[in-house]
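The structure under discussion appears below in the form of C-alpha cells.
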Amino acid sequence: MENSMTVPPGTQAAPGAEPEVPALIRDARPEDIPQIQQIYAFHVLSSTATFEEVPPTEEEMRERMEKVWSLGLPWLVAEKEGRVLGYCYASAYRPRPAYRYTIENSIYLADGESGKGIGQQLLAALLERCEQGPWRQMIAVIGGTQNQSSISLHRKLGFNHVGTQPGTGYKFGQWIDVVFMQRALGPGNTLPPADD
C-alpha cells in the first residue's frame, strides 16, 4: 500500500497541521509477534472483543500465526514508524469440509488507535486479499451488541447483520451477546466453487 499524505478516513487534521500519514498495511512477520501479543493481551484483559480471559504467550501467538499461514490465509499488520498499530487475519470458520469456502476475520487495534481509520484500512486490505483466493464468504463474530465501533466498521465494508446470540458469553461479571455479520467474497454463492 502506498503511503500518501492524506488523512485516513475518520480523522481530522488540526488547522495548519500536517495531515497524518496513513499506516502501512503489510503482511505480518515473525518479528511482529511481541507487539501483536501486547495488542491482543490488552483486549483479553480489558475488553469483551475476545472471550479469552488469559492472554496467550508470544509462542502461542506464533503458533496461531503459523496455522493461519498454513491454510494460505493472510495475517496483516498496520505499521507506522516501526510500531504495529493493529492487526487482522482470516481463519477457518469451522473445521468440517463443507465450510471450507467460508472464513472468519479477526481485527484488533492497539490501545488508543481506534477511530483513526486504521481498522478500515486493515479490513479493506484483508477483504481484497481474501477475494484473490477460493473463499466465498467472510464471517465476523463480534463480542457484544455494545461493540458499535466494530459493527459499524463491518457494515461500512459491506457486511450484513445475520444474527445475534443473546447472552452467549460471560466475562467481567456480565453476559455478552455475540453478533454475526457476513459478507460475500467475489461471486459469493452465485456460482459453484471452481474446484467443485
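If you're wondering about the labels, chains in the C-alpha cells are A, B, ... by order shown, residues count from 1 in each chain, ligands from 1 in order shown.
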
message = Based on the backbone DSSP call, show me all residues of range 81-169 of chain A assigned strand (DSSP E or B), as a PyMOL selection string.
response = chain A and resi 83-92+102-109+137-143+160-169

Dump N, CA and C atoms for the selected residues as a compact mmCIF listing (two decimals), in the first residue's frame?
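Saved result, selection30.txt, follows:
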# COMPACT_ATOMS: atom_id res chain seq x y z
N ARG A 83 6.14 0.82 14.50
CA ARG A 83 5.19 0.41 15.55
C ARG A 83 3.98 -0.24 14.91
N VAL A 84 3.57 -1.40 15.43
CA VAL A 84 2.37 -2.08 14.95
C VAL A 84 1.17 -1.42 15.64
N LEU A 85 0.29 -0.82 14.84
CA LEU A 85 -0.88 -0.11 15.36
C LEU A 85 -2.10 -1.02 15.47
N GLY A 86 -2.06 -2.13 14.76
CA GLY A 86 -3.17 -3.06 14.77
C GLY A 86 -2.86 -4.20 13.82
N TYR A 87 -3.71 -5.21 13.89
CA TYR A 87 -3.51 -6.36 13.00
C TYR A 87 -4.86 -7.02 12.73
N CYS A 88 -4.90 -7.79 11.65
CA CYS A 88 -6.09 -8.57 11.34
C CYS A 88 -5.66 -9.82 10.57
N TYR A 89 -6.54 -10.80 10.61
CA TYR A 89 -6.24 -12.03 9.88
C TYR A 89 -7.56 -12.75 9.59
N ALA A 90 -7.47 -13.69 8.67
CA ALA A 90 -8.60 -14.57 8.37
C ALA A 90 -8.24 -15.97 8.84
N SER A 91 -9.25 -16.69 9.29
CA SER A 91 -9.03 -18.07 9.74
C SER A 91 -10.20 -18.92 9.29
N ALA A 92 -10.03 -20.24 9.40
CA ALA A 92 -11.12 -21.15 9.03
C ALA A 92 -12.32 -20.87 9.93
N THR A 102 -15.69 -20.78 3.56
CA THR A 102 -16.12 -19.72 4.48
C THR A 102 -15.02 -19.48 5.50
N ILE A 103 -14.67 -18.20 5.68
CA ILE A 103 -13.62 -17.83 6.62
C ILE A 103 -14.14 -16.78 7.59
N GLU A 104 -13.42 -16.62 8.68
CA GLU A 104 -13.78 -15.67 9.73
C GLU A 104 -12.67 -14.64 9.85
N ASN A 105 -13.03 -13.38 10.10
CA ASN A 105 -11.99 -12.37 10.30
C ASN A 105 -11.85 -11.99 11.76
N SER A 106 -10.66 -11.59 12.12
CA SER A 106 -10.36 -11.06 13.45
C SER A 106 -9.55 -9.80 13.26
N ILE A 107 -9.86 -8.76 14.05
CA ILE A 107 -9.15 -7.48 13.93
C ILE A 107 -9.02 -6.84 15.29
N TYR A 108 -7.81 -6.40 15.60
CA TYR A 108 -7.52 -5.79 16.90
C TYR A 108 -6.60 -4.59 16.69
N LEU A 109 -6.92 -3.50 17.37
CA LEU A 109 -6.10 -2.28 17.30
C LEU A 109 -5.41 -2.05 18.63
N GLN A 137 -17.27 -16.61 1.41
CA GLN A 137 -17.99 -15.88 2.45
C GLN A 137 -17.02 -15.55 3.58
N MET A 138 -17.19 -14.35 4.16
CA MET A 138 -16.44 -13.99 5.34
C MET A 138 -17.41 -13.67 6.46
N ILE A 139 -17.16 -14.24 7.62
CA ILE A 139 -17.99 -14.06 8.80
C ILE A 139 -17.24 -13.21 9.82
N ALA A 140 -17.94 -12.27 10.43
CA ALA A 140 -17.42 -11.53 11.58
C ALA A 140 -18.20 -11.97 12.80
N VAL A 141 -17.50 -12.43 13.82
CA VAL A 141 -18.12 -12.84 15.07
C VAL A 141 -17.72 -11.78 16.10
N ILE A 142 -18.67 -10.91 16.45
CA ILE A 142 -18.37 -9.72 17.25
C ILE A 142 -18.90 -9.88 18.67
N GLY A 143 -18.01 -9.71 19.63
CA GLY A 143 -18.39 -9.83 21.04
C GLY A 143 -19.12 -8.60 21.52
N ASN A 160 -23.35 -7.61 6.37
CA ASN A 160 -24.73 -7.52 6.82
C ASN A 160 -24.90 -8.27 8.13
N HIS A 161 -25.76 -7.75 8.97
CA HIS A 161 -26.08 -8.43 10.23
C HIS A 161 -26.91 -9.66 9.88
N VAL A 162 -26.46 -10.82 10.35
CA VAL A 162 -27.17 -12.07 10.03
C VAL A 162 -27.67 -12.79 11.27
N GLY A 163 -27.40 -12.24 12.44
CA GLY A 163 -27.94 -12.86 13.65
C GLY A 163 -27.24 -12.41 14.91
N THR A 164 -27.93 -12.59 16.03
CA THR A 164 -27.37 -12.30 17.35
C THR A 164 -27.72 -13.44 18.29
N GLN A 165 -26.72 -13.91 19.00
CA GLN A 165 -26.93 -14.93 20.04
C GLN A 165 -26.90 -14.20 21.38
N PRO A 166 -28.05 -14.08 22.04
CA PRO A 166 -28.08 -13.35 23.31
C PRO A 166 -27.37 -14.11 24.43
N GLY A 167 -26.65 -13.36 25.27
CA GLY A 167 -26.05 -13.90 26.47
C GLY A 167 -25.23 -15.15 26.28
N THR A 168 -24.46 -15.22 25.22
CA THR A 168 -23.70 -16.42 24.89
C THR A 168 -22.38 -16.52 25.67
N GLY A 169 -21.77 -15.36 25.94
CA GLY A 169 -20.52 -15.34 26.68
C GLY A 169 -20.70 -14.72 28.06

Per residue of range 133-182 of chain A within 12 Å of range 66-77 of chain A, which atom pair is closest and at what distance in Å (one decimal), using only C-alpha atoms, listed by chain and increasing number, as JSON lines?
{"residue": "A:Gly133", "atom": "CA", "partner": "A:Leu73", "partner_atom": "CA", "distance": 8.5}
{"residue": "A:Pro134", "atom": "CA", "partner": "A:Gly72", "partner_atom": "CA", "distance": 10.2}
{"residue": "A:Trp135", "atom": "CA", "partner": "A:Leu73", "partner_atom": "CA", "distance": 9.8}

I need the residues from that last selection saved to file as a compact mmCIF listing (two decimals), in the first residue's frame (with N, CA and C atoms), if you can.
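Result file selection_14.txt:
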# COMPACT_ATOMS: atom_id res chain seq x y z
N GLY A 133 -8.41 -15.52 -3.30
CA GLY A 133 -8.36 -16.96 -3.04
C GLY A 133 -9.68 -17.62 -3.37
N PRO A 134 -9.86 -18.87 -2.95
CA PRO A 134 -11.07 -19.63 -3.30
C PRO A 134 -12.27 -19.35 -2.38
N TRP A 135 -12.09 -18.51 -1.37
CA TRP A 135 -13.12 -18.32 -0.35
C TRP A 135 -14.28 -17.49 -0.88

task = Kindly indicate which residue among A:Ile25, A:Val178, A:Leu191, A:Leu185 lies nearest to Thr48 in chain A, using only C-alpha atoms for the distances.
result =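 That would be A:Val178, the residue with the smallest distance to Thr48 in chain A.
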
task = Could you give me, as a list in words, each residue of range 93-192 of chain A that DSSP assigns to helix (DSSP H, G or I) when run on this structure's backbone?
result =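 Matching residues for helix (DSSP H, G or I) in range 93-192 of chain A are Pro97, Ala98, Tyr99, Ile118, Gly119, Gln120, Gln121, Leu122, Leu123, Ala124, Ala125, Leu126, Leu127, Glu128, Arg129, Cys130, Gln148, Ser149, Ser150, Ile151, Ser152, Leu153, His154, Arg155 and Lys156 of chain A.
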
message = At a cut-off of 12 Å, using only C-alpha atoms, what residues contact Arg62 in chain A? Leave out same-chain residues fewer than 5 positions from it and give the result as a list in words.
response = Ala28, Arg29, Pro30, Glu31, Asp32, Ile33, Pro34, Gln35, Ile36, Gln37, Pro56, Thr57, Lys67, Val68, Trp69 and Trp75 of chain A

key: Gap from CA of Ala124 in chain A to CA of Leu157 in chain A - Å, one decimal   =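 Straight-line distance from CA of Ala124 in chain A to CA of Leu157 in chain A works out to 7.0 Å.
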
As a compact mmCIF listing (two decimals) with N, CA and C atoms, in the first residue's frame, please: the residues near Ser47 in chain A (cut-off 12 Å, only C-alpha atoms, same-chain neighbours under 3 positions excluded).
# COMPACT_ATOMS: atom_id res chain seq x y z
N ILE A 39 -0.84 -6.20 21.92
CA ILE A 39 -2.14 -5.66 21.49
C ILE A 39 -3.26 -6.60 21.92
N TYR A 40 -3.06 -7.88 21.64
CA TYR A 40 -4.12 -8.84 21.97
C TYR A 40 -4.29 -8.98 23.48
N ALA A 41 -3.19 -8.99 24.22
CA ALA A 41 -3.27 -9.09 25.68
C ALA A 41 -4.09 -7.95 26.26
N PHE A 42 -3.93 -6.75 25.71
CA PHE A 42 -4.72 -5.61 26.17
C PHE A 42 -6.21 -5.90 26.03
N HIS A 43 -6.61 -6.44 24.87
CA HIS A 43 -8.04 -6.73 24.64
C HIS A 43 -8.53 -7.88 25.51
N VAL A 44 -7.70 -8.89 25.71
CA VAL A 44 -8.08 -10.01 26.58
C VAL A 44 -8.38 -9.50 27.99
N THR A 50 -12.82 -10.10 22.75
CA THR A 50 -12.45 -11.51 22.72
C THR A 50 -12.99 -12.16 24.00
N PHE A 51 -13.36 -13.41 23.90
CA PHE A 51 -13.86 -14.12 25.08
C PHE A 51 -12.74 -14.86 25.82
N GLU A 52 -11.50 -14.73 25.34
CA GLU A 52 -10.39 -15.29 26.10
C GLU A 52 -10.22 -14.47 27.38
N GLU A 53 -9.76 -15.12 28.44
CA GLU A 53 -9.58 -14.42 29.72
C GLU A 53 -8.13 -14.40 30.19
N PRO A 55 -4.28 -13.93 28.61
CA PRO A 55 -3.55 -13.62 27.37
C PRO A 55 -2.63 -14.76 26.95
N TYR A 108 -7.81 -6.40 15.60
CA TYR A 108 -7.52 -5.79 16.90
C TYR A 108 -6.60 -4.59 16.69
N LEU A 109 -6.92 -3.50 17.37
CA LEU A 109 -6.10 -2.28 17.30
C LEU A 109 -5.41 -2.05 18.63
N ASP A 111 -4.13 -0.03 21.88
CA ASP A 111 -4.81 0.92 22.75
C ASP A 111 -4.55 2.34 22.25
N ILE A 142 -18.67 -10.91 16.45
CA ILE A 142 -18.37 -9.72 17.25
C ILE A 142 -18.90 -9.88 18.67
N GLY A 143 -18.01 -9.71 19.63
CA GLY A 143 -18.39 -9.83 21.04
C GLY A 143 -19.12 -8.60 21.52
N GLY A 144 -20.43 -8.72 21.72
CA GLY A 144 -21.20 -7.65 22.34
C GLY A 144 -21.95 -6.75 21.37
N GLN A 146 -22.93 -3.99 22.21
CA GLN A 146 -22.45 -2.65 22.53
C GLN A 146 -21.16 -2.30 21.76
N ASN A 147 -20.57 -3.27 21.07
CA ASN A 147 -19.34 -3.04 20.32
C ASN A 147 -19.67 -2.37 18.98
N TYR A 170 -19.77 -15.01 28.96
CA TYR A 170 -19.81 -14.41 30.29
C TYR A 170 -18.39 -13.98 30.64
N LYS A 171 -18.19 -12.68 30.79
CA LYS A 171 -16.86 -12.13 31.07
C LYS A 171 -17.04 -10.84 31.85
N PHE A 172 -16.14 -10.57 32.77
CA PHE A 172 -16.19 -9.36 33.59
C PHE A 172 -17.51 -9.24 34.34
N GLN A 174 -20.53 -10.16 33.47
CA GLN A 174 -21.70 -9.80 32.66
C GLN A 174 -21.91 -10.81 31.53
N ILE A 176 -22.73 -11.57 27.71
CA ILE A 176 -22.38 -10.84 26.49
C ILE A 176 -23.01 -11.52 25.29

task = Could you jot down the CA of Glu128 in chain A to CA of Ser114 in chain A separation for me, Å, one decimal place?
result = 21.6 Å

Distance criterion (only C-alpha atoms): nearest to Leu126 in chain A out of A:Val179, A:Ala78, A:Arg94, A:Ser152 =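 The shortest atom-to-atom distance to Leu126 in chain A comes from A:Ala78.
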
inquiry  = Just the number, please: distance in Å from CA of Phe180 in chain A to CA of Val54 in chain A, one decimal.
reply    =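 We find that CA of Phe180 in chain A and CA of Val54 in chain A lie 23.7 Å from each other.
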